[in-house]
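One file, upload_26.cif, carrying mmCIF, C-alpha atoms and all ligand atoms:
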```
data_input
#
loop_
_atom_site.group_PDB
_atom_site.id
_atom_site.type_symbol
_atom_site.label_atom_id
_atom_site.label_comp_id
_atom_site.auth_asym_id
_atom_site.auth_seq_id
_atom_site.Cartn_x
_atom_site.Cartn_y
_atom_site.Cartn_z
ATOM 1 C CA MET C 15 -29.830 -17.771 74.336
ATOM 2 C CA SER C 16 -31.240 -19.667 71.345
ATOM 3 C CA THR C 17 -30.170 -18.669 67.860
ATOM 4 C CA ILE C 18 -32.614 -18.105 65.005
ATOM 5 C CA PHE C 19 -31.582 -17.846 61.375
ATOM 6 C CA ILE C 20 -33.966 -15.790 59.215
ATOM 7 C CA THR C 21 -33.329 -16.160 55.497
ATOM 8 C CA ARG C 22 -34.595 -12.685 54.534
ATOM 9 C CA GLU C 23 -36.119 -9.663 56.212
ATOM 10 C CA ILE C 24 -39.722 -10.377 57.163
ATOM 11 C CA PRO C 25 -42.526 -7.954 58.158
ATOM 12 C CA ASP C 26 -42.035 -6.232 61.543
ATOM 13 C CA ARG C 27 -44.959 -7.998 63.156
ATOM 14 C CA GLY C 28 -42.977 -11.240 62.987
ATOM 15 C CA LEU C 29 -39.600 -9.775 63.895
ATOM 16 C CA LYS C 30 -41.019 -8.048 66.977
ATOM 17 C CA LEU C 31 -41.930 -11.415 68.498
ATOM 18 C CA LEU C 32 -38.324 -12.599 68.237
ATOM 19 C CA GLU C 33 -36.237 -9.488 68.917
ATOM 20 C CA GLY C 34 -34.710 -9.380 72.373
ATOM 21 C CA LYS C 35 -35.642 -12.980 73.136
ATOM 22 C CA TYR C 36 -33.209 -14.707 70.829
ATOM 23 C CA ARG C 37 -29.977 -14.122 68.969
ATOM 24 C CA LEU C 38 -31.158 -13.318 65.465
ATOM 25 C CA ILE C 39 -29.049 -13.857 62.384
ATOM 26 C CA MET C 40 -30.774 -12.436 59.313
ATOM 27 C CA ASN C 41 -29.666 -12.394 55.697
ATOM 28 C CA PRO C 42 -28.966 -8.657 55.296
ATOM 29 C CA ALA C 43 -29.306 -8.666 51.509
ATOM 30 C CA ASN C 44 -32.474 -7.775 49.655
ATOM 31 C CA ARG C 45 -32.431 -11.049 47.728
ATOM 32 C CA PRO C 46 -32.975 -14.716 48.537
ATOM 33 C CA VAL C 47 -30.252 -16.298 50.611
ATOM 34 C CA THR C 48 -27.829 -18.497 48.666
ATOM 35 C CA ARG C 49 -27.479 -22.155 49.562
ATOM 36 C CA GLN C 50 -24.001 -21.503 50.916
ATOM 37 C CA GLU C 51 -25.207 -18.593 53.060
ATOM 38 C CA MET C 52 -28.045 -20.682 54.418
ATOM 39 C CA MET C 53 -25.752 -23.578 55.327
ATOM 40 C CA GLU C 54 -23.374 -21.159 56.999
ATOM 41 C CA GLY C 55 -26.193 -19.272 58.745
ATOM 42 C CA ILE C 56 -27.894 -22.288 60.313
ATOM 43 C CA LYS C 57 -24.719 -23.910 61.668
ATOM 44 C CA GLU C 58 -25.460 -22.598 65.138
ATOM 45 C CA ALA C 59 -29.202 -22.169 64.764
ATOM 46 C CA ASP C 60 -31.859 -23.687 66.997
ATOM 47 C CA ALA C 61 -34.598 -22.576 64.606
ATOM 48 C CA LEU C 62 -34.803 -21.545 60.960
ATOM 49 C CA LEU C 63 -37.389 -19.087 59.666
ATOM 50 C CA CYS C 64 -37.453 -19.571 55.912
ATOM 51 C CA LEU C 65 -39.418 -18.709 52.791
ATOM 52 C CA LEU C 66 -40.912 -20.847 50.038
ATOM 53 C CA CYS C 67 -37.999 -20.016 47.738
ATOM 54 C CA ASP C 68 -35.436 -21.462 50.179
ATOM 55 C CA ARG C 69 -34.701 -25.104 49.443
ATOM 56 C CA VAL C 70 -34.251 -26.845 52.771
ATOM 57 C CA ASP C 71 -33.035 -30.288 51.777
ATOM 58 C CA ARG C 72 -31.224 -33.068 53.600
ATOM 59 C CA GLU C 73 -27.779 -31.570 53.053
ATOM 60 C CA VAL C 74 -28.878 -28.191 54.392
ATOM 61 C CA ILE C 75 -30.453 -29.819 57.435
ATOM 62 C CA GLU C 76 -27.318 -31.837 58.070
ATOM 63 C CA SER C 77 -25.330 -28.614 58.292
ATOM 64 C CA ALA C 78 -27.390 -27.612 61.352
ATOM 65 C CA PRO C 79 -26.694 -29.988 64.245
ATOM 66 C CA LYS C 80 -28.713 -27.967 66.794
ATOM 67 C CA LEU C 81 -31.755 -27.334 64.603
ATOM 68 C CA LYS C 82 -35.085 -28.084 66.272
ATOM 69 C CA LEU C 83 -37.536 -26.203 64.055
ATOM 70 C CA VAL C 84 -38.049 -25.105 60.463
ATOM 71 C CA ALA C 85 -40.762 -22.433 60.341
ATOM 72 C CA ASN C 86 -41.809 -21.855 56.741
ATOM 73 C CA MET C 87 -43.477 -18.490 56.097
ATOM 74 C CA ALA C 88 -45.812 -20.118 53.563
ATOM 75 C CA VAL C 89 -48.611 -22.641 53.461
ATOM 76 C CA GLY C 90 -46.841 -24.836 50.881
ATOM 77 C CA VAL C 91 -43.933 -26.838 52.256
ATOM 78 C CA ASP C 92 -42.668 -28.473 49.055
ATOM 79 C CA ASN C 93 -39.375 -26.564 49.492
ATOM 80 C CA ILE C 94 -38.593 -28.586 52.613
ATOM 81 C CA ASP C 95 -37.501 -32.210 52.891
ATOM 82 C CA ILE C 96 -40.059 -33.121 55.542
ATOM 83 C CA GLU C 97 -38.900 -36.715 55.775
ATOM 84 C CA ALA C 98 -35.330 -35.648 56.500
ATOM 85 C CA CYS C 99 -36.588 -33.218 59.158
ATOM 86 C CA THR C 100 -38.792 -35.848 60.774
ATOM 87 C CA GLY C 101 -35.897 -38.320 60.780
ATOM 88 C CA ARG C 102 -33.851 -35.806 62.760
ATOM 89 C CA GLY C 103 -36.742 -34.928 65.068
ATOM 90 C CA ILE C 104 -36.955 -31.418 63.595
ATOM 91 C CA VAL C 105 -40.421 -29.865 63.713
ATOM 92 C CA VAL C 106 -41.720 -28.206 60.529
ATOM 93 C CA THR C 107 -44.428 -25.547 60.688
ATOM 94 C CA ASN C 108 -46.298 -23.568 58.023
ATOM 95 C CA THR C 109 -48.863 -20.762 57.858
ATOM 96 C CA PRO C 110 -52.183 -22.255 56.720
ATOM 97 C CA GLY C 111 -55.527 -20.442 56.666
ATOM 98 C CA VAL C 112 -54.306 -16.864 56.903
ATOM 99 C CA LEU C 113 -53.491 -16.497 53.205
ATOM 100 C CA THR C 114 -56.591 -18.233 51.885
ATOM 101 C CA GLU C 115 -58.632 -15.130 51.075
ATOM 102 C CA ALA C 116 -55.710 -13.124 49.654
ATOM 103 C CA THR C 117 -54.771 -16.012 47.359
ATOM 104 C CA ALA C 118 -58.377 -16.472 46.256
ATOM 105 C CA ASP C 119 -58.528 -12.732 45.482
ATOM 106 C CA LEU C 120 -55.399 -12.924 43.353
ATOM 107 C CA THR C 121 -56.788 -15.965 41.544
ATOM 108 C CA TRP C 122 -59.809 -13.904 40.588
ATOM 109 C CA ALA C 123 -57.681 -10.904 39.664
ATOM 110 C CA LEU C 124 -55.762 -13.133 37.248
ATOM 111 C CA LEU C 125 -58.867 -14.885 35.960
ATOM 112 C CA LEU C 126 -60.540 -11.585 35.164
ATOM 113 C CA ALA C 127 -57.329 -10.106 33.788
ATOM 114 C CA VAL C 128 -56.815 -12.897 31.271
ATOM 115 C CA ALA C 129 -60.498 -13.216 30.306
ATOM 116 C CA ARG C 130 -60.975 -9.484 29.803
ATOM 117 C CA ARG C 131 -57.474 -8.826 28.481
ATOM 118 C CA ILE C 132 -56.724 -6.191 31.116
ATOM 119 C CA VAL C 133 -52.943 -6.259 30.782
ATOM 120 C CA GLU C 134 -53.085 -6.100 26.980
ATOM 121 C CA GLY C 135 -55.536 -3.221 27.305
ATOM 122 C CA ASP C 136 -53.274 -1.343 29.684
ATOM 123 C CA ARG C 137 -50.325 -1.719 27.286
ATOM 124 C CA PHE C 138 -52.513 -0.636 24.373
ATOM 125 C CA VAL C 139 -53.627 2.567 26.104
ATOM 126 C CA ARG C 140 -50.133 3.446 27.371
ATOM 127 C CA GLU C 141 -48.700 2.967 23.898
ATOM 128 C CA GLY C 142 -51.110 5.635 22.606
ATOM 129 C CA LYS C 143 -52.991 3.168 20.402
ATOM 130 C CA PHE C 144 -56.469 3.911 21.797
ATOM 131 C CA ASN C 145 -58.270 5.864 19.069
ATOM 132 C CA GLY C 146 -61.782 5.331 20.405
ATOM 133 C CA TRP C 147 -64.365 2.617 21.056
ATOM 134 C CA ALA C 148 -64.444 -0.193 18.527
ATOM 135 C CA PRO C 149 -66.805 -3.171 18.278
ATOM 136 C CA LEU C 150 -64.041 -5.767 18.279
ATOM 137 C CA LEU C 151 -61.400 -4.008 20.311
ATOM 138 C CA LEU C 152 -59.816 -6.437 22.817
ATOM 139 C CA VAL C 153 -62.872 -8.645 23.065
ATOM 140 C CA GLY C 154 -62.418 -11.503 25.512
ATOM 141 C CA GLY C 155 -64.380 -14.225 27.286
ATOM 142 C CA ASP C 156 -67.516 -14.099 29.465
ATOM 143 C CA LEU C 157 -67.713 -15.390 33.017
ATOM 144 C CA TYR C 158 -71.449 -15.392 33.647
ATOM 145 C CA GLY C 159 -73.031 -18.786 33.053
ATOM 146 C CA LYS C 160 -69.637 -20.386 32.370
ATOM 147 C CA THR C 161 -68.071 -23.311 34.162
ATOM 148 C CA LEU C 162 -65.221 -22.931 36.615
ATOM 149 C CA GLY C 163 -63.198 -26.127 37.058
ATOM 150 C CA ILE C 164 -61.331 -26.302 40.347
ATOM 151 C CA ILE C 165 -58.581 -28.853 40.862
ATOM 152 C CA GLY C 166 -57.931 -29.131 44.595
ATOM 153 C CA MET C 167 -60.875 -28.032 46.707
ATOM 154 C CA GLY C 168 -59.243 -27.321 50.052
ATOM 155 C CA ARG C 169 -59.352 -23.970 51.818
ATOM 156 C CA ILE C 170 -58.162 -21.900 48.864
ATOM 157 C CA GLY C 171 -60.184 -23.831 46.269
ATOM 158 C CA GLN C 172 -63.305 -23.288 48.359
ATOM 159 C CA ALA C 173 -62.589 -19.562 48.782
ATOM 160 C CA VAL C 174 -62.254 -19.324 44.991
ATOM 161 C CA ALA C 175 -65.542 -21.239 44.603
ATOM 162 C CA ARG C 176 -67.348 -18.891 46.999
ATOM 163 C CA ARG C 177 -66.426 -15.932 44.797
ATOM 164 C CA ALA C 178 -67.577 -17.789 41.667
ATOM 165 C CA ILE C 179 -71.141 -17.891 42.970
ATOM 166 C CA GLY C 180 -71.242 -14.085 42.793
ATOM 167 C CA PHE C 181 -70.108 -14.207 39.179
ATOM 168 C CA GLY C 182 -72.968 -16.575 38.283
ATOM 169 C CA MET C 183 -70.688 -19.445 37.337
ATOM 170 C CA ASN C 184 -71.184 -23.202 37.566
ATOM 171 C CA ILE C 185 -68.563 -25.052 39.575
ATOM 172 C CA VAL C 186 -67.102 -28.472 38.911
ATOM 173 C CA TYR C 187 -64.248 -29.789 41.004
ATOM 174 C CA CYS C 188 -62.016 -32.708 41.835
ATOM 175 C CA LYS C 189 -60.188 -33.464 45.024
ATOM 176 C CA ARG C 190 -58.417 -36.487 46.469
ATOM 177 C CA LYS C 191 -61.274 -36.927 48.908
ATOM 178 C CA ARG C 192 -64.750 -35.837 47.852
ATOM 179 C CA LEU C 193 -66.300 -33.052 49.963
ATOM 180 C CA PRO C 194 -69.314 -33.799 52.169
ATOM 181 C CA LEU C 195 -72.618 -33.207 50.402
ATOM 182 C CA HIS C 196 -73.544 -30.147 52.482
ATOM 183 C CA VAL C 197 -70.254 -28.442 51.516
ATOM 184 C CA GLU C 198 -70.820 -29.278 47.835
ATOM 185 C CA GLN C 199 -74.291 -27.757 48.173
ATOM 186 C CA GLU C 200 -72.914 -24.619 49.822
ATOM 187 C CA PHE C 201 -70.699 -24.014 46.777
ATOM 188 C CA ARG C 202 -73.160 -25.517 44.274
ATOM 189 C CA ALA C 203 -70.179 -27.583 43.187
ATOM 190 C CA THR C 204 -70.290 -30.846 41.259
ATOM 191 C CA TYR C 205 -67.629 -33.456 41.917
ATOM 192 C CA MET C 206 -66.111 -35.264 38.926
ATOM 193 C CA PRO C 207 -62.929 -37.078 37.920
ATOM 194 C CA LEU C 208 -59.939 -34.910 37.015
ATOM 195 C CA ASP C 209 -60.129 -35.341 33.238
ATOM 196 C CA GLU C 210 -63.870 -34.566 33.251
ATOM 197 C CA VAL C 211 -63.236 -31.335 35.168
ATOM 198 C CA ILE C 212 -60.614 -30.389 32.567
ATOM 199 C CA ARG C 213 -62.993 -31.160 29.673
ATOM 200 C CA LYS C 214 -65.917 -29.249 31.167
ATOM 201 C CA ALA C 215 -64.101 -26.147 32.401
ATOM 202 C CA ASP C 216 -64.264 -22.780 30.669
ATOM 203 C CA PHE C 217 -61.850 -21.622 33.353
ATOM 204 C CA LEU C 218 -59.576 -24.175 34.985
ATOM 205 C CA THR C 219 -57.863 -23.195 38.220
ATOM 206 C CA LEU C 220 -55.343 -25.162 40.303
ATOM 207 C CA HIS C 221 -55.402 -25.193 44.107
ATOM 208 C CA LEU C 222 -53.663 -28.349 45.206
ATOM 209 C CA PRO C 223 -50.384 -28.624 47.111
ATOM 210 C CA TYR C 224 -47.336 -29.742 45.174
ATOM 211 C CA SER C 225 -45.770 -33.164 45.647
ATOM 212 C CA PRO C 226 -43.828 -35.293 43.148
ATOM 213 C CA GLU C 227 -47.005 -37.348 42.455
ATOM 214 C CA VAL C 228 -48.675 -34.311 40.908
ATOM 215 C CA HIS C 229 -45.629 -33.118 38.947
ATOM 216 C CA HIS C 230 -46.863 -32.044 35.482
ATOM 217 C CA LEU C 231 -50.432 -32.950 36.374
ATOM 218 C CA ILE C 232 -51.366 -30.628 33.541
ATOM 219 C CA ASN C 233 -49.265 -32.103 30.768
ATOM 220 C CA LYS C 234 -49.653 -31.967 26.991
ATOM 221 C CA GLU C 235 -52.322 -34.695 26.969
ATOM 222 C CA ARG C 236 -54.410 -32.907 29.600
ATOM 223 C CA LEU C 237 -53.972 -29.551 27.873
ATOM 224 C CA ASN C 238 -55.417 -31.283 24.809
ATOM 225 C CA LEU C 239 -58.548 -32.093 26.829
ATOM 226 C CA MET C 240 -59.227 -28.399 27.455
ATOM 227 C CA LYS C 241 -61.738 -26.503 25.339
ATOM 228 C CA PRO C 242 -60.057 -24.233 22.779
ATOM 229 C CA THR C 243 -61.969 -21.346 24.373
ATOM 230 C CA ALA C 244 -60.855 -22.181 27.932
ATOM 231 C CA TYR C 245 -58.416 -20.397 30.225
ATOM 232 C CA LEU C 246 -55.947 -21.923 32.677
ATOM 233 C CA ILE C 247 -55.113 -20.169 35.968
ATOM 234 C CA ASN C 248 -52.381 -21.283 38.359
ATOM 235 C CA THR C 249 -51.742 -19.723 41.763
ATOM 236 C CA ALA C 250 -50.599 -23.001 43.390
ATOM 237 C CA ARG C 251 -47.170 -24.282 42.299
ATOM 238 C CA GLY C 252 -45.538 -23.992 38.884
ATOM 239 C CA ALA C 253 -44.494 -27.611 38.515
ATOM 240 C CA HIS C 254 -48.136 -28.717 38.410
ATOM 241 C CA ILE C 255 -47.952 -27.654 34.768
ATOM 242 C CA ASP C 256 -45.580 -28.748 32.015
ATOM 243 C CA GLU C 257 -44.664 -25.158 31.175
ATOM 244 C CA ARG C 258 -43.040 -26.000 27.827
ATOM 245 C CA ALA C 259 -46.181 -27.811 26.710
ATOM 246 C CA LEU C 260 -48.252 -24.835 27.877
ATOM 247 C CA VAL C 261 -46.149 -22.365 25.883
ATOM 248 C CA GLU C 262 -46.615 -24.480 22.718
ATOM 249 C CA HIS C 263 -50.340 -24.726 23.394
ATOM 250 C CA LEU C 264 -50.742 -20.985 23.895
ATOM 251 C CA LYS C 265 -48.603 -20.181 20.867
ATOM 252 C CA GLU C 266 -50.966 -22.160 18.678
ATOM 253 C CA TYR C 267 -54.066 -20.774 20.445
ATOM 254 C CA LYS C 268 -55.162 -24.301 21.365
ATOM 255 C CA ILE C 269 -56.578 -22.714 24.514
ATOM 256 C CA ALA C 270 -57.710 -19.098 24.858
ATOM 257 C CA GLY C 271 -55.203 -18.049 27.492
ATOM 258 C CA ALA C 272 -53.454 -18.609 30.787
ATOM 259 C CA ALA C 273 -52.738 -16.595 33.894
ATOM 260 C CA LEU C 274 -49.834 -17.684 36.062
ATOM 261 C CA ASP C 275 -48.580 -16.581 39.450
ATOM 262 C CA VAL C 276 -46.136 -19.479 39.824
ATOM 263 C CA TYR C 277 -43.573 -21.087 37.531
ATOM 264 C CA GLU C 278 -42.012 -24.458 37.048
ATOM 265 C CA LYS C 279 -38.441 -23.268 37.673
ATOM 266 C CA GLU C 280 -39.243 -20.110 39.567
ATOM 267 C CA PRO C 281 -37.990 -17.424 39.132
ATOM 268 C CA GLU C 282 -36.809 -18.640 35.694
ATOM 269 C CA LEU C 283 -39.386 -18.620 32.945
ATOM 270 C CA THR C 284 -39.740 -21.085 30.102
ATOM 271 C CA PRO C 285 -38.493 -19.462 26.891
ATOM 272 C CA GLY C 286 -41.317 -18.047 24.829
ATOM 273 C CA LEU C 287 -43.663 -17.395 27.761
ATOM 274 C CA THR C 288 -43.079 -13.657 27.924
ATOM 275 C CA GLU C 289 -43.569 -13.243 24.175
ATOM 276 C CA LEU C 290 -47.154 -14.457 24.285
ATOM 277 C CA GLU C 291 -50.071 -12.001 24.354
ATOM 278 C CA ASN C 292 -52.578 -14.549 25.665
ATOM 279 C CA VAL C 293 -50.907 -14.987 29.025
ATOM 280 C CA VAL C 294 -50.913 -12.851 32.158
ATOM 281 C CA LEU C 295 -47.866 -13.249 34.396
ATOM 282 C CA ALA C 296 -47.622 -12.354 38.085
ATOM 283 C CA PRO C 297 -44.508 -12.706 40.290
ATOM 284 C CA HIS C 298 -45.833 -15.196 42.899
ATOM 285 C CA THR C 299 -47.924 -12.612 44.726
ATOM 286 C CA GLY C 300 -50.862 -14.805 45.798
ATOM 287 C CA SER C 301 -50.559 -13.874 49.458
ATOM 288 C CA ALA C 302 -49.035 -10.443 48.848
ATOM 289 C CA SER C 303 -51.290 -8.104 50.779
ATOM 290 C CA MET C 304 -49.495 -6.213 53.556
ATOM 291 C CA ASN C 305 -51.847 -7.530 56.188
ATOM 292 C CA THR C 306 -51.606 -11.148 55.048
ATOM 293 C CA ARG C 307 -47.815 -11.122 54.833
ATOM 294 C CA SER C 308 -47.623 -9.551 58.308
ATOM 295 C CA ILE C 309 -49.853 -12.241 59.763
ATOM 296 C CA MET C 310 -47.811 -14.951 58.014
ATOM 297 C CA ALA C 311 -44.587 -13.564 59.505
ATOM 298 C CA GLU C 312 -46.194 -13.368 62.927
ATOM 299 C CA MET C 313 -47.433 -16.937 62.657
ATOM 300 C CA ALA C 314 -44.015 -18.266 61.655
ATOM 301 C CA ALA C 315 -42.340 -16.330 64.471
ATOM 302 C CA LYS C 316 -44.965 -17.489 66.951
ATOM 303 C CA SER C 317 -44.254 -21.115 66.142
ATOM 304 C CA ILE C 318 -40.592 -20.483 67.030
ATOM 305 C CA VAL C 319 -41.515 -18.864 70.338
ATOM 306 C CA GLN C 320 -43.908 -21.714 71.107
ATOM 307 C CA LEU C 321 -41.451 -24.493 70.373
ATOM 308 C CA LEU C 322 -38.518 -22.876 72.114
ATOM 309 C CA SER C 323 -40.617 -22.315 75.231
ATOM 310 C CA GLY C 324 -41.570 -25.969 75.347
ATOM 311 C CA GLU C 325 -45.029 -25.765 73.759
ATOM 312 C CA LYS C 326 -46.280 -27.539 70.664
ATOM 313 C CA PRO C 327 -46.638 -24.974 67.841
ATOM 314 C CA GLU C 328 -50.081 -24.526 66.347
ATOM 315 C CA HIS C 329 -49.403 -25.538 62.764
ATOM 316 C CA VAL C 330 -47.106 -28.511 62.674
ATOM 317 C CA VAL C 331 -46.683 -30.283 59.334
ATOM 318 C CA ASN C 332 -44.986 -33.386 60.795
ATOM 319 C CA PRO C 333 -46.778 -34.046 64.117
ATOM 320 C CA GLU C 334 -45.243 -37.532 64.266
ATOM 321 C CA VAL C 335 -42.102 -35.829 65.615
ATOM 322 C CA PHE C 336 -44.012 -35.268 68.862
ATOM 323 C CA ASP C 337 -45.277 -38.859 68.983
ATOM 324 C CA LYS C 338 -41.684 -40.054 68.907
ATOM 325 C CA SER C 339 -40.476 -37.865 71.760
HETATM 326 C C1 LIG K 1 -47.523 -19.449 48.755
HETATM 327 O O1 LIG K 1 -47.341 -19.869 47.657
HETATM 328 C C2 LIG K 1 -47.515 -20.224 49.939
HETATM 329 O O2 LIG K 1 -47.353 -21.457 49.869
HETATM 330 O O3 LIG K 1 -47.657 -19.637 51.024
#
```

If you convert what's in this file into structure tokens, what do you get?
Amino acid sequence: MSTIFITREIPDRGLKLLEGKYRLIMNPANRPVTRQEMMEGIKEADALLCLLCDRVDREVIESAPKLKLVANMAVGVDNIDIEACTGRGIVVTNTPGVLTEATADLTWALLLAVARRIVEGDRFVREGKFNGWAPLLLVGGDLYGKTLGIIGMGRIGQAVARRAIGFGMNIVYCKRKRLPLHVEQEFRATYMPLDEVIRKADFLTLHLPYSPEVHHLINKERLNLMKPTAYLINTARGAHIDERALVEHLKEYKIAGAALDVYEKEPELTPGLTELENVVLAPHTGSASMNTRSIMAEMAAKSIVQLLSGEKPEHVVNPEVFDKS
């Protein structure tokens, strides 16, 4: 019987596909697995079902001589050393597509929350400070007629763009490879270089995968390109932004605000971030609808079942592993 190591309890829909078929070892604690626990847990494992917060590096992989598959219950795979996996012939899978709409929804929730100061307003009311309507009470920014700048126009970027049409916004975007004209027309989106997108945007939102080449893509210099009235939204990966530079920028109101779902050293926060009023902070909940998380778990589990029964899983990140065999 094959052994599967699961780094933390996942929704039932995923577990059900594995129970009875395999020997399951699951981290019993309601917290992320430690590095030591993971290395211990995968010693005998044929497959690993892990989460985006589990760092699966070369050393971890080397502790698992029988490992054939790493199934990440996430679309991003920056937590996994893909090269090391490929070198060992280990297949890596992810869960693309199914979290697109949920993540786009959360992006809009954050965008609206920071523009219309929803979290500040909630605190204000709870603290008993609401004495009645006032002309300048918690006034924020408009969306209608404004420009949304999208960096990374893949599935999630496009789902965010689709929603922007309903809000009457103009869309500018950049992407490694420009979209075909008919897709640009569908979203009424204008392609421009990165720095131009940053300059033009009233709302700047990030939707590109993380890799070392885009570390601190939004650094101090690029923050300086933003309009002082603009907002920055990040539901991609924290290290796209130099968080210290962002805190300084927000402190001095050099931009209007930011809304973050992801952090550079997650779950640690850069000092000063939580003291700022002009930032909305979410705990990496982009895909956190019950249905979406269930489908993600099912997809990750399905890739294990597929591989261990001799099939090629649907969403392989390193297909070259199959070319080699
Ligand atoms: C979420 O951040 C994911 O990559 O699935």

For ligand LIG 1 (chain K), collect every residue having any atom at a distance of at most 9 Å from a ligand atom (counting only C-alpha atoms and all ligand atoms); output as an MDAnalysis selection string. chainID C and resid 65:66 86:92 108:110 113 117 223 249:251 275:276 298:301 310

Near Glu97 in chain C, counting all atoms listed in the file, which residues have an atom at most 12 Å away, once you skip same-chain residues fewer than 6 positions from it, shown as a PyMOL selection string? chain C and resi 70-72+75+91+103-106+331-335

Range 322-326 of chain C environment, 10 Å, all atoms listed in the file, sequence neighbours closer than 4 positions dropped, as an MDAnalysis selection string: chainID C and resid 16 36 60:61 82:83 105 316:318 330 333 336

With the file shown as input, list the residues that the PyMOL selection byres (((chain C and resi 269) around 10) and not hetatm) selects, as a PyMOL selection string. chain C and resi 216+237-246+260+263-268+270-272+292

One decimal, in Å: what's the spacing between CA of Tyr187 in chain C and CA of Tyr158 in chain C?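 Rounded to one decimal, the two atoms are 17.7 Å apart.
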
Applying 12 Å and only C-alpha atoms, which residues near Glu280 in chain C remain after dropping the ones on its own chain fewer than 5 positions away? List them as a list in words.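 My reading of the contact set: Leu66, Cys67, Asp68, Arg69, Asn93, Arg251, Gly252, Ala253, Glu257, Leu274, Asp275, Ala296, Pro297 and His298 of chain C.
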
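The space between CA of Met40 in chain C and CA of Lys80 in chain C spans 17.4 Å.
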
Give me the residues near Leu63 in chain C as a list in words, where near means some atom within 8 Å (using only C-alpha atoms) and where sequence neighbours in that chain fewer than 4 positions away do not count.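 Here the qualifying residues turn out to be Ile18, Phe19, Ile20, Thr21, Val84, Ala85, Asn86, Met87, Ala314 and Ala315 of chain C.
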